[in-house]
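Enquirer: Got a file for you: input-v7.cif, mmCIF, C-alpha atoms and all ligand atoms.
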data_query
loop_
_atom_site.label_atom_id
_atom_site.label_comp_id
_atom_site.auth_asym_id
_atom_site.auth_seq_id
_atom_site.Cartn_x
_atom_site.Cartn_y
_atom_site.Cartn_z
CA MET N 1 -21.32 -11.92 -15.39
CA ASN N 2 -21.37 -14.60 -18.04
CA ALA N 3 -20.26 -17.86 -16.41
CA SER N 4 -18.36 -18.85 -19.51
CA THR N 5 -16.09 -15.80 -19.13
CA LEU N 6 -15.31 -16.68 -15.54
CA ASN N 7 -14.48 -20.21 -16.57
CA HIS N 8 -12.06 -19.04 -19.20
CA LEU N 9 -10.03 -16.49 -17.31
CA PRO N 10 -6.30 -16.74 -17.98
CA THR N 11 -3.60 -16.85 -15.33
CA ARG N 12 -1.69 -13.58 -15.59
CA ILE N 13 1.68 -12.40 -14.46
CA LEU N 14 0.67 -9.36 -12.44
CA MET N 15 3.33 -6.68 -12.74
CA GLY N 16 1.22 -3.58 -12.38
CA PRO N 17 0.40 -1.42 -9.34
CA GLY N 18 -1.68 -4.20 -7.74
CA PRO N 19 -3.20 -6.66 -7.36
CA SER N 20 -0.08 -8.79 -7.27
CA ASN N 21 0.02 -12.53 -7.85
CA VAL N 22 -1.54 -14.61 -5.10
CA HIS N 23 0.16 -17.72 -3.70
CA PRO N 24 -1.80 -20.98 -4.25
CA ARG N 25 -1.83 -21.49 -0.48
CA VAL N 26 -3.79 -18.25 -0.13
CA LEU N 27 -6.27 -19.30 -2.82
CA LYS N 28 -6.68 -22.63 -1.07
CA ALA N 29 -7.30 -20.89 2.25
CA MET N 30 -10.20 -19.02 0.62
CA ALA N 31 -11.84 -22.37 -0.11
CA THR N 32 -11.86 -23.24 3.62
CA PRO N 33 -15.43 -23.84 4.83
CA VAL N 34 -17.26 -20.68 5.81
CA ILE N 35 -18.16 -20.71 9.50
CA GLY N 36 -19.99 -18.17 11.62
CA HIS N 37 -18.20 -14.90 12.24
CA LEU N 38 -18.73 -15.26 15.98
CA ASP N 39 -17.75 -18.95 16.02
CA PRO N 40 -15.00 -19.40 18.63
CA MET N 41 -12.75 -20.96 15.98
CA PHE N 42 -13.20 -17.97 13.69
CA LEU N 43 -12.50 -15.60 16.56
CA LYS N 44 -9.19 -17.40 16.97
CA VAL N 45 -8.40 -16.77 13.31
CA MET N 46 -9.14 -13.07 13.91
CA ASP N 47 -6.88 -13.01 16.97
CA GLU N 48 -4.01 -14.71 15.16
CA THR N 49 -4.42 -12.32 12.23
CA ARG N 50 -4.25 -9.36 14.63
CA GLU N 51 -1.07 -10.72 16.16
CA ASN N 52 0.56 -11.16 12.74
CA LEU N 53 -0.58 -7.71 11.63
CA ARG N 54 1.19 -6.27 14.68
CA LEU N 55 4.37 -8.07 13.62
CA LEU N 56 3.95 -6.80 10.08
CA PHE N 57 3.44 -3.18 11.16
CA ARG N 58 6.15 -3.63 13.82
CA THR N 59 3.89 -2.32 16.51
CA LYS N 60 2.54 -3.26 19.90
CA ASN N 61 -0.57 -1.15 19.24
CA HIS N 62 -3.60 -2.84 20.73
CA PHE N 63 -5.78 -1.31 18.05
CA THR N 64 -4.50 -3.19 15.01
CA ILE N 65 -7.08 -4.82 12.74
CA ALA N 66 -8.11 -5.33 9.14
CA ILE N 67 -10.88 -3.06 7.87
CA SER N 68 -13.45 -4.75 5.64
CA GLY N 69 -12.73 -2.96 2.38
CA THR N 70 -9.81 -2.15 0.10
CA GLY N 71 -6.89 0.19 0.75
CA SER N 72 -9.08 3.23 0.15
CA ALA N 73 -11.37 2.08 2.97
CA GLY N 74 -8.25 2.03 5.16
CA MET N 75 -7.51 5.58 4.05
CA GLU N 76 -11.04 6.70 4.73
CA ALA N 77 -11.12 4.94 8.13
CA ALA N 78 -7.88 6.61 9.18
CA ILE N 79 -9.04 10.06 8.15
CA VAL N 80 -12.71 10.11 9.16
CA ASN N 81 -11.95 8.86 12.65
CA ILE N 82 -9.24 11.36 13.43
CA LEU N 83 -10.77 14.47 11.88
CA GLU N 84 -13.73 16.51 13.06
CA PRO N 85 -15.17 19.48 11.18
CA GLY N 86 -12.80 22.44 11.50
CA ASP N 87 -9.71 20.37 12.39
CA ARG N 88 -6.57 21.19 10.46
CA ILE N 89 -4.70 18.50 8.57
CA MET N 90 -1.55 18.90 6.53
CA ILE N 91 -1.25 16.50 3.61
CA GLY N 92 1.78 15.80 1.46
CA VAL N 93 0.72 15.72 -2.19
CA ALA N 94 3.12 14.38 -4.82
CA GLY N 95 0.83 12.03 -6.68
CA VAL N 96 -2.63 10.52 -6.93
CA PHE N 97 -2.85 9.08 -3.45
CA GLY N 98 -1.89 12.26 -1.59
CA GLU N 99 -4.55 13.93 -3.71
CA ARG N 100 -7.09 11.28 -2.69
CA MET N 101 -6.34 11.92 0.99
CA CYS N 102 -7.12 15.62 0.47
CA ASP N 103 -10.46 14.69 -1.06
CA VAL N 104 -11.37 12.43 1.88
CA ALA N 105 -10.25 15.01 4.47
CA GLY N 106 -12.16 17.80 2.72
CA ARG N 107 -15.32 15.72 2.92
CA CYS N 108 -14.86 15.56 6.72
CA GLY N 109 -15.14 19.35 6.83
CA ALA N 110 -11.48 19.61 7.80
CA GLU N 111 -9.21 22.48 6.87
CA VAL N 112 -6.77 20.90 4.44
CA ALA N 113 -3.27 22.37 4.07
CA ARG N 114 -1.56 20.88 1.03
CA ILE N 115 2.21 20.48 0.99
CA GLU N 116 3.18 19.79 -2.59
CA ALA N 117 6.13 18.29 -4.39
CA ALA N 118 6.64 17.53 -8.07
CA TRP N 119 5.51 14.10 -9.28
CA GLY N 120 8.33 11.63 -8.62
CA ASP N 121 9.75 13.77 -5.82
CA ILE N 122 9.26 13.56 -2.05
CA ILE N 123 7.98 15.94 0.61
CA THR N 124 10.84 17.37 2.68
CA PRO N 125 10.89 17.75 6.48
CA GLU N 126 11.63 21.46 5.94
CA GLN N 127 8.39 21.92 4.01
CA ILE N 128 6.45 20.27 6.82
CA ALA N 129 8.22 22.27 9.54
CA ALA N 130 7.58 25.57 7.78
CA GLU N 131 3.88 24.85 7.43
CA LEU N 132 3.50 23.55 10.98
CA LYS N 133 4.91 26.81 12.36
CA LYS N 134 2.03 28.73 10.80
CA GLN N 135 -0.92 27.27 12.69
CA PRO N 136 -1.83 24.51 15.14
CA THR N 137 -2.37 21.32 13.18
CA LYS N 138 -3.96 18.12 14.38
CA VAL N 139 -2.61 15.68 11.80
CA VAL N 140 0.24 15.44 9.31
CA ALA N 141 -0.49 12.85 6.59
CA VAL N 142 1.89 11.45 3.99
CA VAL N 143 2.07 8.56 1.55
CA HIS N 144 5.01 6.25 2.27
CA ALA N 145 5.04 4.63 -1.17
CA GLU N 146 3.37 6.84 -3.80
CA THR N 147 2.18 4.20 -6.24
CA SER N 148 1.40 6.72 -8.96
CA THR N 149 5.05 7.85 -9.18
CA GLY N 150 7.26 5.20 -7.54
CA ALA N 151 8.66 7.65 -4.97
CA HIS N 152 9.70 6.40 -1.53
CA GLN N 153 8.88 9.00 1.12
CA PRO N 154 11.18 9.02 4.20
CA LEU N 155 9.16 9.20 7.41
CA GLN N 156 11.30 9.36 10.52
CA GLU N 157 12.27 13.01 10.38
CA ILE N 158 8.70 14.00 9.58
CA ALA N 159 7.42 12.02 12.56
CA LYS N 160 9.76 13.92 14.85
CA ILE N 161 8.73 17.31 13.50
CA ALA N 162 5.02 16.49 13.65
CA HIS N 163 5.31 15.42 17.29
CA GLU N 164 7.34 18.52 18.23
CA HIS N 165 4.38 20.53 17.01
CA GLY N 166 1.80 18.41 18.79
CA ALA N 167 0.47 16.80 15.59
CA LEU N 168 -0.23 13.15 14.91
CA LEU N 169 1.44 11.41 11.98
CA LEU N 170 -0.85 9.47 9.64
CA VAL N 171 0.82 7.28 6.99
CA ASP N 172 -0.46 5.53 3.87
CA ALA N 173 1.51 2.28 3.65
CA VAL N 174 -0.74 0.56 1.12
CA THR N 175 2.07 -0.26 -1.29
CA SER N 176 4.99 -0.39 1.13
CA LEU N 177 3.75 -2.72 3.86
CA GLY N 178 5.34 -6.14 3.42
CA GLY N 179 7.75 -4.89 0.74
CA CYS N 180 10.07 -2.52 2.56
CA GLU N 181 10.65 -1.44 6.11
CA ILE N 182 7.90 0.35 7.93
CA SER N 183 8.36 0.33 11.70
CA VAL N 184 5.29 1.94 13.18
CA ASP N 185 6.50 2.09 16.80
CA ASP N 186 10.17 2.90 16.25
CA TRP N 187 9.42 5.54 13.66
CA GLY N 188 6.68 7.18 15.71
CA ILE N 189 3.78 6.68 13.31
CA ASP N 190 0.46 7.28 15.06
CA ILE N 191 -1.95 5.95 12.44
CA CYS N 192 -1.03 3.67 9.56
CA TYR N 193 -3.10 1.78 7.01
CA SER N 194 -2.43 -0.56 4.14
CA GLY N 195 -4.15 -2.81 1.60
CA ALA N 196 -4.11 -6.55 1.09
CA GLN N 197 -3.34 -6.81 -2.62
CA LYS N 198 0.01 -5.11 -3.00
CA CYS N 199 3.10 -6.47 -1.20
CA ILE N 200 1.00 -8.68 1.09
CA SER N 201 -0.07 -10.60 -2.04
CA CYS N 202 -3.60 -11.35 -0.92
CA PRO N 203 -6.63 -10.64 -3.13
CA PRO N 204 -8.06 -7.13 -2.61
CA GLY N 205 -10.74 -6.68 0.03
CA LEU N 206 -9.08 -5.97 3.37
CA ALA N 207 -7.21 -2.97 4.72
CA PRO N 208 -4.86 -3.56 7.65
CA ILE N 209 -4.83 -0.55 9.97
CA THR N 210 -3.24 0.42 13.26
CA PHE N 211 -3.83 3.30 15.70
CA ASN N 212 -1.59 3.93 18.67
CA GLU N 213 -2.94 4.94 22.07
CA ARG N 214 -2.36 8.64 21.39
CA ALA N 215 -4.41 8.43 18.22
CA MET N 216 -7.17 6.39 19.88
CA GLU N 217 -7.35 8.96 22.70
CA ALA N 218 -7.91 11.64 20.08
CA VAL N 219 -10.64 9.49 18.51
CA ARG N 220 -12.33 8.91 21.86
CA ALA N 221 -12.13 12.63 22.70
CA ARG N 222 -14.20 13.60 19.65
CA LYS N 223 -17.09 15.96 20.25
CA THR N 224 -18.96 14.74 17.19
CA LYS N 225 -19.77 11.23 16.02
CA VAL N 226 -17.61 9.76 13.27
CA GLN N 227 -19.57 10.55 10.11
CA SER N 228 -19.18 6.99 8.81
CA TRP N 229 -21.09 4.37 10.76
CA TYR N 230 -19.31 1.51 8.98
CA LEU N 231 -15.79 2.79 9.60
CA ASP N 232 -16.26 4.06 13.17
CA MET N 233 -13.20 2.69 15.00
CA THR N 234 -14.76 2.95 18.44
CA MET N 235 -17.45 0.51 17.29
CA ILE N 236 -15.09 -1.73 15.28
CA GLU N 237 -12.81 -1.90 18.33
CA ARG N 238 -15.63 -3.50 20.31
CA TYR N 239 -16.15 -6.06 17.52
CA TRP N 240 -12.50 -7.10 17.18
CA GLY N 241 -11.89 -6.80 20.95
CA GLU N 242 -12.83 -8.98 23.94
CA GLU N 243 -16.45 -7.95 23.79
CA ARG N 244 -17.10 -9.29 20.25
CA PHE N 245 -19.95 -6.84 20.01
CA TYR N 246 -21.67 -7.39 16.66
CA HIS N 247 -20.95 -4.56 14.27
CA HIS N 248 -20.84 -6.07 10.77
CA THR N 249 -20.22 -9.58 9.49
CA ALA N 250 -16.52 -10.02 8.89
CA PRO N 251 -15.74 -11.12 5.31
CA ILE N 252 -14.85 -14.63 6.43
CA SER N 253 -13.12 -15.99 3.33
CA MET N 254 -11.13 -12.80 2.83
CA LEU N 255 -9.86 -13.10 6.38
CA TYR N 256 -8.82 -16.70 5.71
CA ALA N 257 -6.84 -15.41 2.76
CA LEU N 258 -5.19 -12.66 4.77
CA ALA N 259 -4.37 -15.07 7.59
CA GLU N 260 -2.58 -17.38 5.17
CA ALA N 261 -0.83 -14.53 3.32
CA LEU N 262 0.50 -13.33 6.69
CA ASN N 263 1.65 -16.87 7.56
CA ILE N 264 3.63 -16.92 4.32
CA ILE N 265 5.17 -13.53 5.12
CA MET N 266 6.18 -14.65 8.61
CA GLU N 267 7.71 -17.86 7.23
CA GLU N 268 9.87 -15.84 4.85
CA GLY N 269 10.73 -13.30 7.54
CA LEU N 270 10.13 -9.58 7.26
CA GLU N 271 13.73 -8.60 6.75
CA ALA N 272 14.32 -11.28 4.13
CA ARG N 273 11.22 -10.07 2.33
CA TRP N 274 12.37 -6.43 2.32
CA GLN N 275 15.73 -7.56 1.04
CA ARG N 276 14.18 -9.59 -1.75
CA HIS N 277 12.24 -6.54 -2.90
CA ALA N 278 15.26 -4.23 -2.58
CA ARG N 279 17.55 -6.54 -4.52
CA LEU N 280 15.14 -7.27 -7.35
CA GLY N 281 13.92 -3.68 -7.54
CA ALA N 282 17.50 -2.45 -7.89
CA ALA N 283 18.19 -5.01 -10.63
CA LEU N 284 15.09 -3.89 -12.51
CA HIS N 285 16.12 -0.23 -12.24
CA LYS N 286 19.60 -0.98 -13.58
CA GLY N 287 18.18 -3.04 -16.42
CA LEU N 288 15.69 -0.38 -17.47
CA GLU N 289 18.34 2.32 -17.43
CA ALA N 290 20.72 0.15 -19.43
CA MET N 291 18.00 0.02 -22.08
CA GLY N 292 18.08 3.81 -22.26
CA LEU N 293 14.78 4.21 -20.40
CA LYS N 294 14.20 6.94 -17.86
CA LEU N 295 13.07 6.28 -14.30
CA LEU N 296 10.67 8.97 -13.17
CA ALA N 297 11.05 8.81 -9.39
CA LYS N 298 13.86 10.89 -7.94
CA GLN N 299 17.16 9.07 -7.63
CA GLY N 300 17.81 7.97 -4.07
CA HIS N 301 14.08 7.85 -3.39
CA ARG N 302 12.94 5.03 -5.65
CA LEU N 303 10.68 2.28 -4.47
CA PRO N 304 11.74 -1.30 -5.11
CA MET N 305 8.19 -2.60 -5.56
CA LEU N 306 6.86 0.05 -7.95
CA THR N 307 8.90 1.63 -10.69
CA SER N 308 7.61 4.33 -12.97
CA VAL N 309 9.43 4.45 -16.26
CA GLY N 310 9.03 7.05 -18.99
CA ILE N 311 7.51 5.86 -22.26
CA PRO N 312 9.97 6.83 -25.03
CA GLU N 313 8.89 9.45 -27.53
CA GLY N 314 6.95 7.91 -30.43
CA VAL N 315 6.02 4.70 -28.62
CA ASP N 316 2.33 3.83 -28.38
CA ASP N 317 1.51 3.10 -24.73
CA LEU N 318 -1.57 1.03 -25.45
CA VAL N 319 -0.04 -1.06 -28.23
CA VAL N 320 2.73 -2.15 -25.88
CA ARG N 321 0.51 -2.87 -22.90
CA ARG N 322 -2.10 -4.66 -25.00
CA SER N 323 0.53 -6.85 -26.54
CA LEU N 324 2.06 -7.65 -23.16
CA LEU N 325 -1.34 -8.73 -21.91
CA ALA N 326 -2.67 -10.54 -24.96
CA ASP N 327 0.51 -12.25 -26.15
CA LEU N 328 2.52 -12.69 -22.97
CA ASN N 329 -0.10 -12.66 -20.22
CA ILE N 330 1.75 -9.87 -18.46
CA GLU N 331 -0.11 -7.03 -16.83
CA LEU N 332 1.85 -3.78 -16.67
CA GLY N 333 0.46 -0.57 -15.16
CA GLY N 334 -0.29 2.53 -17.18
CA GLY N 335 0.38 6.04 -15.93
CA LEU N 336 -2.09 7.86 -13.70
CA GLY N 337 -2.88 11.57 -13.51
CA ALA N 338 0.10 13.67 -14.65
CA PHE N 339 1.83 10.49 -15.90
CA LYS N 340 -1.09 9.26 -17.99
CA GLY N 341 0.20 8.09 -21.37
CA LYS N 342 3.72 9.16 -20.34
CA ALA N 343 4.77 6.37 -18.00
CA TRP N 344 4.46 2.70 -17.28
CA ARG N 345 4.33 1.42 -13.77
CA VAL N 346 6.16 -1.83 -13.21
CA GLY N 347 5.16 -3.65 -10.04
CA LEU N 348 7.35 -6.15 -8.24
CA MET N 349 5.09 -6.79 -5.29
CA GLY N 350 5.03 -9.78 -2.97
CA GLU N 351 4.66 -12.99 -4.98
CA SER N 352 5.19 -11.06 -8.22
CA CYS N 353 8.61 -9.97 -7.00
CA CYS N 354 10.88 -12.70 -8.36
CA GLN N 355 13.97 -12.92 -10.51
CA ALA N 356 12.12 -14.55 -13.40
CA ASN N 357 9.71 -11.61 -13.63
CA VAL N 358 12.54 -9.05 -13.68
CA LEU N 359 14.23 -10.79 -16.61
CA LEU N 360 10.91 -11.41 -18.31
CA ILE N 361 9.72 -7.81 -18.27
CA LEU N 362 13.09 -6.48 -19.43
CA SER N 363 13.24 -8.83 -22.39
CA ALA N 364 9.57 -8.33 -23.25
CA LEU N 365 9.97 -4.55 -23.21
CA GLU N 366 13.09 -4.81 -25.35
CA ALA N 367 11.23 -6.83 -27.97
CA LEU N 368 8.16 -4.57 -27.99
CA LEU N 369 10.10 -1.31 -28.02
CA CYS N 370 12.35 -2.50 -30.83
CA ALA N 371 9.20 -3.41 -32.77
CA GLN N 372 8.18 0.24 -32.40
CA GLY N 373 11.43 1.50 -33.84
CA ILE N 374 13.36 2.24 -30.66
CA THR N 375 17.05 1.32 -30.77
CA ILE N 376 18.18 -0.72 -27.80
CA PRO N 377 21.51 -2.57 -27.62
CA PRO N 378 20.42 -6.24 -27.75
CA GLY N 379 20.24 -7.81 -24.31
CA ALA N 380 21.41 -4.63 -22.56
CA GLY N 381 18.66 -4.72 -19.94
CA ILE N 382 18.86 -8.34 -18.92
CA THR N 383 22.64 -8.34 -18.98
CA LYS N 384 22.80 -5.43 -16.56
CA ALA N 385 20.05 -6.87 -14.35
CA ALA N 386 21.68 -10.30 -14.24
CA GLU N 387 24.97 -8.64 -13.31
CA ALA N 388 23.27 -6.75 -10.49
CA LEU N 389 21.64 -9.96 -9.27
CA LYS N 390 25.00 -11.69 -8.94
CA THR N 391 26.23 -9.27 -6.32
C1 LIG N 401 -3.61 1.11 -4.15
C2 LIG N 401 -3.43 2.27 -3.24
C3 LIG N 401 -4.48 2.84 -2.50
C4 LIG N 401 -5.91 2.43 -2.68
O1 LIG N 401 -6.14 1.11 -2.45
P1 LIG N 401 -7.39 0.34 -3.13
O2 LIG N 401 -7.17 -1.04 -2.64
O3 LIG N 401 -7.25 0.50 -4.59
O4 LIG N 401 -8.62 0.96 -2.59
C5 LIG N 401 -4.19 3.85 -1.62
N1 LIG N 401 -2.95 4.32 -1.47
C6 LIG N 401 -1.90 3.84 -2.17
C7 LIG N 401 -0.55 4.40 -1.97
C8 LIG N 401 -2.13 2.80 -3.08
O5 LIG N 401 -1.10 2.31 -3.78
#
So that I can check it, write out the structure of this file as structure tokens.
Expert:
Amino acid sequence: MNASTLNHLPTRILMGPGPSNVHPRVLKAMATPVIGHLDPMFLKVMDETRENLRLLFRTKNHFTIAISGTGSAGMEAAIVNILEPGDRIMIGVAGVFGERMCDVAGRCGAEVARIEAAWGDIITPEQIAAELKKQPTKVVAVVHAETSTGAHQPLQEIAKIAHEHGALLLVDAVTSLGGCEISVDDWGIDICYSGAQKCISCPPGLAPITFNERAMEAVRARKTKVQSWYLDMTMIERYWGEERFYHHTAPISMLYALAEALNIIMEEGLEARWQRHARLGAALHKGLEAMGLKLLAKQGHRLPMLTSVGIPEGVDDLVVRRSLLADLNIELGGGLGAFKGKAWRVGLMGESCCQANVLLILSALEALLCAQGITIPPGAGITKAAEALKT
């Protein structure tokens, strides 16, 4: 990369599907001196991080760590460790990330049963129950917050049904963790992974993950080796555990960042943080609808931290997003897969989730849509959002 580009990067308002804005304290933590990854002081940082990750996942699971890699590495770690060739996994597919899980599971030689729902919709417990009755299944996997659609998948009922049929529940919480409730122990989630750069508001590069004892027993009972050396949990467990058995060099500065991002989350308090996201997400939804825009996730199942909104007929997706970026320094997400060119994805994740950003994006969209010939009652969005914020 040309050094002059790096030295001229702008500061952006990150309102897409991630990364989200990073607190200056986290950036400062990354500038902490690099020490050895087996240095006793660094091991303490790892231990404290583990403890905070348990609080964040709301679990007592011993096996709770951060995988060196992004959210997709968390996904891959969860799946490759639990599946052996021939195992059956049922995966809920209602967007890009459910689809990605199927791809990963297929590469493990597993038998993949897809349970599908329309984009923007959720997978129902009835669908899962019907499929589980057909054949013994080792794992049921769903995406808690489908970032490609903005749908919020309920989990508790599915956990119950999976367990009644002797299956483990594996959950993708990449976008939800730190932004809305996910209670791994109370809800009966057996394996759960996330990513650093969404509602945790850390730069990308680490994937928090947790396995309960039932899941770890299944991993230890494997007849075949985990196909991925790097993501083999039985080896990583020895590295993060008492033994400190060298496996790979932890990404030191990334772990500093995560440690500080978790400190910030704990200072705010988990419940306060969920509430902040819920309140601001609801205000954004009301504002967008007041502007005559259509929310694409099913009503009653909309995420606060990621909203997919339909692009009105005749509006040029790229013109709007380019202008947001170039003129206003705002990054907005484009549509993925079935929503490509048809939707924008507005992120309100972690540090990016603030009142100023809600009002900013509503007024910016009003200006840009009006410039493209769309009729919007002046100030309709921000008026409605501000009203919602008062209550
Ligand atoms: C972002 C995301 C991922 C992938 O994470 P990366 O950090 O991009 O590898 C997986 N699942 C969901 C639901 C996501 O939003």
Enquirer: List all protein, DNA and RNA residues that have at least one atom no more than 7 Å from any atom of ligand LIG 401 (chain N), counting only C-alpha atoms and all ligand atoms, and write them as a JSON list (two decimals) with C-alpha atoms, in the frame of the given file.
Expert:
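Output (result.json):
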[["chain", "number", "residue", "atom", "x", "y", "z"],
["N", 17, "PRO", "CA", 0.40, -1.42, -9.34],
["N", 18, "GLY", "CA", -1.68, -4.20, -7.74],
["N", 70, "THR", "CA", -9.81, -2.15, 0.10],
["N", 71, "GLY", "CA", -6.89, 0.19, 0.75],
["N", 72, "SER", "CA", -9.08, 3.23, 0.15],
["N", 73, "ALA", "CA", -11.37, 2.08, 2.97],
["N", 75, "MET", "CA", -7.51, 5.58, 4.05],
["N", 97, "PHE", "CA", -2.85, 9.08, -3.45],
["N", 143, "VAL", "CA", 2.07, 8.56, 1.55],
["N", 145, "ALA", "CA", 5.04, 4.63, -1.17],
["N", 146, "GLU", "CA", 3.37, 6.84, -3.80],
["N", 147, "THR", "CA", 2.18, 4.20, -6.24],
["N", 172, "ASP", "CA", -0.46, 5.53, 3.87],
["N", 173, "ALA", "CA", 1.51, 2.28, 3.65],
["N", 174, "VAL", "CA", -0.74, 0.56, 1.12],
["N", 175, "THR", "CA", 2.07, -0.26, -1.29],
["N", 195, "GLY", "CA", -4.15, -2.81, 1.60],
["N", 197, "GLN", "CA", -3.34, -6.81, -2.62],
["N", 204, "PRO", "CA", -8.06, -7.13, -2.61]]
Enquirer: Out of N:Glu351, N:Glu51, N:Asp87, N:Glu242, which residue has the shortest atom-to-atom distance to Leu38 in chain N when counting only C-alpha atoms?
Expert: N:Glu242
Enquirer: How close does each residue of range 19-96 of chain N get to range 220-234 of chain N, giving the shortest atom pair and distance in Å to one decimal for every residue with an atom at most 7 Å away, counting all atoms listed in the file, sorted by chain and residue number, as JSON lines?
Expert:
{"residue": "N:Ala77", "atom": "CA", "partner": "N:Leu231", "partner_atom": "CA", "distance": 5.3}
{"residue": "N:Val80", "atom": "CA", "partner": "N:Val226", "partner_atom": "CA", "distance": 6.4}
{"residue": "N:Asn81", "atom": "CA", "partner": "N:Val226", "partner_atom": "CA", "distance": 5.8}
{"residue": "N:Glu84", "atom": "CA", "partner": "N:Thr224", "partner_atom": "CA", "distance": 6.9}
Enquirer: How would you write as a PyMOL selection string the residues that get within 8 Å of (8.3, -10.3, 14.0) in the file's frame, counting only C-alpha atoms?
Expert: chain N and resi 52+55-56+58+266+269-270
Enquirer: For range 337-343 of chain N, please output as a PDB file with C-alpha atoms, in the coordinates of the input all residues within 9 Å (counting only C-alpha atoms; exclusion window: fewer than 2 positions along the same chain).
Expert:
ATOM      1  CA  GLY N  95       0.830  12.030  -6.680  1.00  0.00           C
ATOM      2  CA  VAL N  96      -2.630  10.520  -6.930  1.00  0.00           C
ATOM      3  CA  TRP N 119       5.510  14.100  -9.280  1.00  0.00           C
ATOM      4  CA  SER N 148       1.400   6.720  -8.960  1.00  0.00           C
ATOM      5  CA  THR N 149       5.050   7.850  -9.180  1.00  0.00           C
ATOM      6  CA  LEU N 296      10.670   8.970 -13.170  1.00  0.00           C
ATOM      7  CA  SER N 308       7.610   4.330 -12.970  1.00  0.00           C
ATOM      8  CA  VAL N 309       9.430   4.450 -16.260  1.00  0.00           C
ATOM      9  CA  GLY N 310       9.030   7.050 -18.990  1.00  0.00           C
ATOM     10  CA  ILE N 311       7.510   5.860 -22.260  1.00  0.00           C
ATOM     11  CA  PRO N 312       9.970   6.830 -25.030  1.00  0.00           C
ATOM     12  CA  GLU N 313       8.890   9.450 -27.530  1.00  0.00           C
ATOM     13  CA  ASP N 316       2.330   3.830 -28.380  1.00  0.00           C
ATOM     14  CA  ASP N 317       1.510   3.100 -24.730  1.00  0.00           C
ATOM     15  CA  LEU N 318      -1.570   1.030 -25.450  1.00  0.00           C
ATOM     16  CA  GLY N 333       0.460  -0.570 -15.160  1.00  0.00           C
ATOM     17  CA  GLY N 334      -0.290   2.530 -17.180  1.00  0.00           C
ATOM     18  CA  GLY N 335       0.380   6.040 -15.930  1.00  0.00           C
ATOM     19  CA  ARG N 345       4.330   1.420 -13.770  1.00  0.00           C
TER      20      ARG N 345
END
Enquirer: My list of candidates is N:Ala272, N:Ile161, N:Met15, N:Ala371. Which is closest to Trp344 in chain N when distances are computed with only C-alpha atoms?
Expert: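 For Trp344 in chain N, the nearest of the candidates is N:Met15.
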Enquirer: Between CA of Asn21 in chain N and CA of Ala207 in chain N, measure the distance and give it in Å to one decimal.
Expert: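 Interatomic distance here is 17.4 Å.
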Enquirer: Could you please determine the separation between CA of Met46 in chain N and CA of Val142 in chain N in Å, to one decimal place?
Expert: 28.7 Å
Enquirer: Produce a table with one row for each residue of range 53-121 of chain N that has an atom at most 10 Å from any atom of range 248-252 of chain N, each row naming the nearest atom pair and its distance in Å at one decimal; use all atoms listed in the file; arrange rows by chain and rising residue number; format as a tab-separated table.
Expert:
residue	atom	partner	partner_atom	distance
N:Ala66	CA	N:Ala250	CA	9.6
N:Ile67	CA	N:Ala250	CA	9.0
N:Ser68	CA	N:Pro251	CA	6.8
N:Gly69	CA	N:Pro251	CA	9.2
Enquirer: Pull the closest atom pair for each residue of range 299-329 of chain N that gets at most 12 Å from range 154-158 of chain N, along with the distance in Å to one decimal, counting only C-alpha atoms, ordering rows by chain and then ascending residue number, as a tab-separated table.
Expert:
residue	atom	partner	partner_atom	distance
N:Gly300	CA	N:Pro154	CA	10.7
N:His301	CA	N:Pro154	CA	8.2
N:Arg302	CA	N:Pro154	CA	10.8
N:Leu303	CA	N:Pro154	CA	11.0
Enquirer: Need the shell around Cys353 in chain N: protein/DNA/RNA residues with any atom at most 8 Å away, counting only C-alpha atoms. Skip same-chain ones fewer than 6 positions apart. Format as a list in words?
Expert: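 Using only C-alpha atoms, the neighbours found are Arg276, His277, Leu280, Met305 and Gly347 of chain N.
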Enquirer: Those selected residues, please, written with C-alpha atoms and delivered as an mmCIF file, in the frame of the given file.
Expert:
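Result file follows (part-v7.cif):
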data_model
loop_
_atom_site.group_PDB
_atom_site.id
_atom_site.type_symbol
_atom_site.label_atom_id
_atom_site.label_comp_id
_atom_site.auth_asym_id
_atom_site.auth_seq_id
_atom_site.Cartn_x
_atom_site.Cartn_y
_atom_site.Cartn_z
ATOM 1 C CA ARG N 276 14.180 -9.590 -1.750
ATOM 2 C CA HIS N 277 12.240 -6.540 -2.900
ATOM 3 C CA LEU N 280 15.140 -7.270 -7.350
ATOM 4 C CA MET N 305 8.190 -2.600 -5.560
ATOM 5 C CA GLY N 347 5.160 -3.650 -10.040
#
